[in-house]
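This is input_33.cif (mmCIF, C-alpha atoms and all ligand atoms).
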```cif
data_upload
#
loop_
_atom_site.label_atom_id
_atom_site.label_comp_id
_atom_site.auth_asym_id
_atom_site.auth_seq_id
_atom_site.Cartn_x
_atom_site.Cartn_y
_atom_site.Cartn_z
CA MET A 122 -4.25 -53.89 74.70
CA ALA A 123 -3.32 -55.19 71.26
CA ASP A 124 -4.94 -53.38 68.36
CA PRO A 125 -7.35 -55.83 66.67
CA ILE A 126 -7.15 -54.10 63.28
CA ARG A 127 -3.36 -54.22 63.15
CA GLN A 128 -3.46 -57.82 64.37
CA ALA A 129 -5.93 -58.79 61.67
CA SER A 130 -3.79 -57.22 58.99
CA ALA A 131 -0.61 -58.75 60.28
CA ALA A 132 -2.09 -62.22 60.26
CA LYS A 133 -1.62 -63.56 56.76
CA GLY A 134 -4.88 -64.24 54.97
CA GLU A 135 -6.98 -62.30 57.43
CA ALA A 136 -7.09 -59.03 55.54
CA ALA A 137 -10.83 -59.62 55.03
CA ALA A 138 -11.21 -58.87 58.75
CA LEU A 139 -10.46 -55.21 58.00
CA PRO A 140 -13.70 -53.39 58.72
CA LEU A 141 -13.68 -50.98 55.79
CA PRO A 142 -16.63 -48.67 56.55
CA ARG A 143 -16.56 -46.74 53.27
CA ALA A 144 -15.44 -47.17 49.72
CA LEU A 145 -11.71 -47.29 49.13
CA VAL A 146 -10.84 -45.08 46.15
CA LEU A 147 -7.55 -45.68 44.35
CA VAL A 148 -5.95 -42.63 42.79
CA GLY A 149 -2.70 -42.19 40.89
CA LEU A 150 -1.24 -41.66 37.47
CA MET A 151 -1.80 -43.83 34.41
CA GLY A 152 0.26 -46.99 34.85
CA ALA A 153 0.41 -46.81 38.64
CA GLY A 154 -1.47 -50.13 38.84
CA LYS A 155 -4.83 -48.91 40.18
CA SER A 156 -6.88 -51.58 38.41
CA CYS A 157 -4.42 -54.40 39.04
CA ILE A 158 -3.91 -53.58 42.73
CA GLY A 159 -7.61 -52.75 43.09
CA ARG A 160 -8.63 -56.22 41.91
CA ARG A 161 -6.19 -57.86 44.32
CA LEU A 162 -7.38 -55.67 47.18
CA SER A 163 -10.94 -56.59 46.35
CA ASP A 164 -10.04 -60.27 46.75
CA ALA A 165 -8.02 -59.62 49.91
CA LEU A 166 -10.68 -57.48 51.58
CA GLY A 167 -13.74 -59.31 50.27
CA LEU A 168 -15.25 -56.20 48.66
CA PRO A 169 -16.50 -55.66 45.12
CA PHE A 170 -14.10 -54.07 42.63
CA VAL A 171 -15.34 -51.33 40.34
CA ASP A 172 -13.33 -49.53 37.65
CA ALA A 173 -14.63 -45.99 37.08
CA ASP A 174 -13.38 -45.80 33.46
CA THR A 175 -15.21 -49.05 32.62
CA GLU A 176 -18.38 -47.64 34.20
CA ILE A 177 -17.98 -44.43 32.18
CA GLU A 178 -17.56 -46.45 28.99
CA THR A 179 -20.66 -48.50 29.79
CA ALA A 180 -22.69 -45.36 30.52
CA ALA A 181 -21.47 -43.63 27.34
CA GLY A 182 -21.60 -46.69 25.09
CA CYS A 183 -18.10 -45.96 23.75
CA THR A 184 -14.48 -46.02 24.86
CA VAL A 185 -12.69 -43.31 26.85
CA GLN A 186 -10.64 -42.57 23.73
CA GLU A 187 -13.82 -42.09 21.67
CA ILE A 188 -15.30 -39.77 24.32
CA PHE A 189 -12.13 -37.62 24.16
CA GLU A 190 -12.21 -37.59 20.33
CA ARG A 191 -15.93 -36.89 19.92
CA HIS A 192 -16.71 -34.65 22.89
CA GLY A 193 -13.39 -33.45 24.32
CA GLU A 194 -11.73 -33.79 27.71
CA ALA A 195 -14.09 -31.39 29.53
CA ALA A 196 -17.11 -33.54 28.63
CA PHE A 197 -15.22 -36.64 29.77
CA ARG A 198 -14.46 -35.00 33.14
CA ASP A 199 -18.14 -34.11 33.60
CA GLY A 200 -19.19 -37.68 32.93
CA GLU A 201 -16.40 -38.98 35.13
CA ARG A 202 -17.54 -36.84 38.06
CA LYS A 203 -21.18 -37.96 37.72
CA VAL A 204 -20.26 -41.63 37.47
CA ILE A 205 -17.95 -41.46 40.50
CA GLU A 206 -20.60 -39.60 42.54
CA ARG A 207 -23.11 -42.32 41.66
CA LEU A 208 -20.69 -45.10 42.55
CA LEU A 209 -19.81 -43.52 45.89
CA ASP A 210 -23.47 -43.55 46.84
CA GLY A 211 -23.43 -47.34 47.09
CA GLN A 212 -21.93 -50.06 49.26
CA PRO A 213 -18.29 -50.13 50.42
CA GLN A 214 -16.23 -51.15 47.42
CA ILE A 215 -12.79 -50.83 45.93
CA LEU A 216 -13.02 -48.14 43.26
CA ALA A 217 -10.19 -47.54 40.79
CA THR A 218 -10.43 -44.07 39.27
CA GLY A 219 -8.82 -42.69 36.11
CA GLY A 220 -5.68 -40.64 36.69
CA GLY A 221 -7.39 -37.27 36.23
CA ALA A 222 -10.41 -37.88 38.46
CA PHE A 223 -8.84 -36.75 41.74
CA MET A 224 -7.65 -33.55 40.02
CA ASP A 225 -11.23 -32.33 39.64
CA PRO A 226 -12.00 -30.35 42.84
CA ARG A 227 -15.63 -31.51 42.96
CA THR A 228 -14.74 -35.16 42.40
CA ARG A 229 -12.02 -34.86 45.02
CA GLU A 230 -14.50 -33.39 47.49
CA SER A 231 -16.99 -36.23 46.84
CA ILE A 232 -14.23 -38.74 47.45
CA ARG A 233 -13.19 -36.95 50.65
CA ARG A 234 -16.78 -36.96 51.93
CA HIS A 235 -17.75 -40.50 50.98
CA ALA A 236 -14.63 -42.61 50.76
CA THR A 237 -11.13 -43.35 51.98
CA SER A 238 -8.60 -42.44 49.31
CA LEU A 239 -5.36 -44.26 48.60
CA TRP A 240 -2.71 -42.85 46.26
CA LEU A 241 -0.61 -45.43 44.46
CA ARG A 242 2.56 -43.45 43.92
CA ALA A 243 4.94 -44.64 41.22
CA ASP A 244 8.10 -43.21 39.70
CA LEU A 245 8.42 -42.01 36.12
CA ASP A 246 10.36 -45.02 34.79
CA LEU A 247 7.74 -47.44 36.06
CA LEU A 248 4.85 -45.38 34.65
CA VAL A 249 6.55 -45.16 31.25
CA LYS A 250 7.25 -48.90 31.24
CA ARG A 251 3.72 -49.89 32.23
CA THR A 252 1.86 -47.47 29.95
CA SER A 253 3.96 -48.41 26.90
CA ARG A 254 2.25 -51.80 26.76
CA ARG A 255 -0.99 -50.35 25.33
CA ASN A 256 -1.98 -47.23 23.39
CA HIS A 257 -5.55 -46.64 24.52
CA ARG A 258 -4.83 -43.57 26.67
CA PRO A 259 -5.70 -40.37 24.77
CA LEU A 260 -3.48 -38.08 26.87
CA LEU A 261 -0.40 -40.17 26.12
CA ASN A 262 -1.07 -40.33 22.38
CA LYS A 263 -0.56 -36.58 22.05
CA GLY A 264 3.24 -36.62 22.16
CA ASN A 265 6.19 -38.17 23.96
CA PRO A 266 4.72 -40.29 26.79
CA ARG A 267 7.76 -39.82 29.05
CA GLN A 268 7.55 -36.04 28.73
CA ILE A 269 3.78 -36.05 29.22
CA LEU A 270 3.98 -38.29 32.28
CA GLY A 271 6.82 -36.18 33.71
CA ALA A 272 4.72 -33.03 33.38
CA LEU A 273 1.71 -34.80 34.95
CA ILE A 274 3.88 -35.86 37.89
CA ASP A 275 4.76 -32.20 38.46
CA THR A 276 1.16 -30.98 38.38
CA ARG A 277 -0.65 -33.92 39.89
CA TYR A 278 1.53 -35.34 42.62
CA PRO A 279 1.02 -32.39 44.99
CA VAL A 280 -2.74 -32.92 44.66
CA TYR A 281 -2.62 -36.72 44.90
CA GLY A 282 -0.72 -36.02 48.13
CA GLU A 283 -4.06 -34.99 49.67
CA ALA A 284 -5.15 -38.65 49.63
CA ASP A 285 -5.73 -40.24 53.04
CA ILE A 286 -3.20 -43.00 52.45
CA VAL A 287 -0.09 -43.03 50.26
CA ILE A 288 1.81 -46.11 49.22
CA ASP A 289 4.52 -46.76 46.68
CA SER A 290 3.69 -48.93 43.73
CA VAL A 291 6.91 -50.66 42.77
CA ASP A 292 8.15 -53.00 40.09
CA GLY A 293 8.20 -56.63 41.14
CA PRO A 294 5.69 -59.00 42.70
CA VAL A 295 2.28 -57.38 42.88
CA GLU A 296 1.64 -59.13 46.21
CA LYS A 297 4.22 -56.87 47.87
CA THR A 298 2.35 -53.73 46.89
CA VAL A 299 -0.96 -55.32 47.90
CA GLN A 300 0.42 -56.24 51.33
CA ARG A 301 1.82 -52.73 51.72
CA ALA A 302 -1.62 -51.34 50.88
CA VAL A 303 -3.40 -53.66 53.34
CA ASP A 304 -0.99 -52.65 56.11
CA ALA A 305 -1.39 -48.94 55.34
CA ILE A 306 -5.20 -49.25 55.26
CA ALA A 307 -5.14 -51.07 58.61
CA ALA A 308 -2.98 -48.32 60.13
CA PHE A 309 -5.29 -45.61 58.77
CA LEU A 310 -8.42 -47.34 60.08
CA SER A 311 -6.82 -47.82 63.43
CA ASP A 312 -6.51 -44.02 63.73
CA HIS A 313 -9.72 -43.22 61.82
CA PRO A 314 -12.27 -46.02 62.38
CA SER A 315 -14.89 -44.08 60.40
CA GLY A 316 -12.60 -44.26 57.37
CA GLN A 317 -12.53 -40.48 57.12
CA ALA A 318 -9.62 -38.22 57.97
CA VAL A 319 -10.82 -35.61 60.47
CA ALA A 320 -10.66 -32.44 58.42
CA GLN A 321 -9.03 -31.49 55.17
CA SER A 322 -7.47 -28.37 56.67
CA GLU A 323 -5.93 -30.22 59.58
CA SER A 324 -2.32 -31.19 59.04
CA LYS A 325 -2.25 -34.91 58.38
CA THR A 326 0.29 -37.59 58.95
CA HIS A 327 0.12 -39.80 55.93
CA HIS A 328 0.14 -43.48 56.49
CA THR A 329 2.90 -44.04 54.08
CA ALA A 330 4.48 -47.39 53.48
CA ARG A 331 7.66 -46.59 51.66
CA LYS A 332 9.93 -48.70 49.56
CA ALA A 333 12.49 -50.62 51.54
CA GLY A 334 15.60 -48.54 51.89
CA GLU A 335 13.92 -45.25 51.06
C1 LIG A 401 -6.60 -40.23 32.43
C2 LIG A 401 -6.36 -41.51 32.83
C3 LIG A 401 -7.06 -42.68 32.26
C4 LIG A 401 -8.42 -42.26 31.70
C5 LIG A 401 -8.27 -41.13 30.75
C6 LIG A 401 -7.63 -39.90 31.39
C7 LIG A 401 -5.84 -39.11 33.05
O1 LIG A 401 -7.24 -43.69 33.25
O2 LIG A 401 -9.31 -41.91 32.72
O3 LIG A 401 -7.50 -41.58 29.66
O4 LIG A 401 -6.26 -37.94 32.91
O5 LIG A 401 -4.83 -39.38 33.71
P1 LIG A 401 -6.04 -44.58 33.88
O6 LIG A 401 -5.35 -43.75 34.91
O7 LIG A 401 -6.75 -45.73 34.48
O8 LIG A 401 -5.15 -44.97 32.76
#
```
Transcribe the structure of this file into structure tokens.
Amino acid sequence: MADPIRQASAAKGEAAALPLPRALVLVGLMGAGKSCIGRRLSDALGLPFVDADTEIETAAGCTVQEIFERHGEAAFRDGERKVIERLLDGQPQILATGGGAFMDPRTRESIRRHATSLWLRADLDLLVKRTSRRNHRPLLNKGNPRQILGALIDTRYPVYGEADIVIDSVDGPVEKTVQRAVDAIAAFLSDHPSGQAVAQSESKTHHTARKAGE
């Protein structure tokens, strides 16, 4: 019998039929497009969009940069974890997290327990290009952004690889990446209707939608 979830996703404009049972948490490096793709996914899936960094700023009454300057990165990570835990307690939503959130073992465990995670993987050139447009990211203001992002790719990508779903964020029309995400989410839900991968220790087949020609 035809799979209704795959059918719904394949039918243009029917992505809202995807029965997302838990929050969808977007992870990935700075510049991967988590907020941009998250907003589009929120429209496509008919779920609220929440940006964790914005929530942290609202809770703290100052910007992420100011939190880093006044209290240091460790304090920011603490606040980040608490805010994400609070957000995951609510309704299904699309939640974009800051690039370091999934690196915190406790935050990662909360996400694993309460949400479906999607890593927006992007290559170094794209991350450098996208992050060069603004200078509000404290980690990138400490030195050469290309070198910093390259080092973060080395340390973070193996951990981001634990996400339930992996898709490539590529240059070009944003709709392509959104459609790739919708298809990958549909495939994941078809195998895991609860929205949760069975067990962290079990070897997983990622639902990866790769760039054409890769
Ligand atoms: C960070 C990423 C930023 C923000 C903070 C730290 C990181 O969010 O949370 O500057 O450690 O990668 P974006 O990934 O949304 O830029």
Write out as a PyMOL selection string each polymer residue whose atoms come within 7 Å of region 236-247 of chain A, counting all atoms listed in the file; drop sequence neighbours fewer than 3 positions from it.
chain A and resi 143-149+153+155+232-233+250-251+270-271+281+284-292+316-317
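Nearest to Ala307 (chain A) of all the residues A:Ala180, A:Leu168, A:Leu141, A:Ile188 is A:Leu141, based on all atoms listed in the file.
Atom pair CA of Pro140 (chain A) / CA of Ile205 (chain A): separated by 22.2 Å.
Going from atom C2 of ligand LIG 401 (chain A) to CA of Asn256 (chain A) covers 11.9 Å.
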If we count only C-alpha atoms, what is near Arg255 (chain A) at a cut-off of 12 Å, once residues fewer than 5 positions away on the same chain are taken out, given as a list of chain:residue names?
A:Met151, A:Gly152, A:Val249, A:Lys250, A:Leu261, A:Asn262, A:Pro266
Show me which residues line ligand LIG 401 (chain A), defined as having an atom within 10 Å of a ligand atom where all atoms listed in the file count, and present them as a ChimeraX atom specification.
/A:147-156,172-175,177,184-186,188-189,194,197-198,201,217-224,252,257-262,270,273,277
Nearest to Ser315 (chain A), chosen from A:Asp199, A:Arg234, A:Gln268, A:Gly182, with only C-alpha atoms counted in the distances
A:Arg234
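Interatomic distance, CA of Pro213 (chain A) against CA of Gly159 (chain A): 13.2 Å.
Using all atoms listed in the file for every distance, the candidate list A:Glu230, A:Asp164, A:Glu176, A:Asp275 yields A:Asp164 as the residue closest to Glu296 (chain A).
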Residue contacts of Pro169 (chain A) (8 Å, all atoms listed in the file) excluding same-chain residues fewer than 6 positions away, as a PyMOL selection string
chain A and resi 163+213-215
So that I have them on file, write out the residues from the current selection with C-alpha atoms, as a PDB file, in the coordinates of the input.
```pdb
ATOM      1  CA  SER A 163     -10.940 -56.590  46.350  1.00  0.00           C
ATOM      2  CA  PRO A 213     -18.290 -50.130  50.420  1.00  0.00           C
ATOM      3  CA  GLN A 214     -16.230 -51.150  47.420  1.00  0.00           C
ATOM      4  CA  ILE A 215     -12.790 -50.830  45.930  1.00  0.00           C
TER       5      ILE A 215
END
```
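Residues near the point (-7.0, -53.5, 49.1), at a distance of 7 Å or less over only C-alpha atoms, make up Gly159, Arg161, Leu162, Ser163, Ala165, Leu166, Val299, Ala302 and Val303 of chain A.
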Could you save the residues just selected, with C-alpha atoms, as a CSV table (one decimal), keeping the file's coordinate frame?
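Wrote it out as out33.csv, contents follow:
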```
chain,number,residue,atom,x,y,z
A,159,GLY,CA,-7.6,-52.8,43.1
A,161,ARG,CA,-6.2,-57.9,44.3
A,162,LEU,CA,-7.4,-55.7,47.2
A,163,SER,CA,-10.9,-56.6,46.4
A,165,ALA,CA,-8.0,-59.6,49.9
A,166,LEU,CA,-10.7,-57.5,51.6
A,299,VAL,CA,-1.0,-55.3,47.9
A,302,ALA,CA,-1.6,-51.3,50.9
A,303,VAL,CA,-3.4,-53.7,53.3
```
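If you measure from each of A:Glu178, A:His235, A:His192, A:Lys263 to Glu206 (chain A) using all atoms listed in the file, the closest one turns out to be A:His235.
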Using only C-alpha atoms, which of A:Gly193, A:Lys203, A:Ile158, A:Arg267 sits nearest Leu216 (chain A)?
A:Ile158
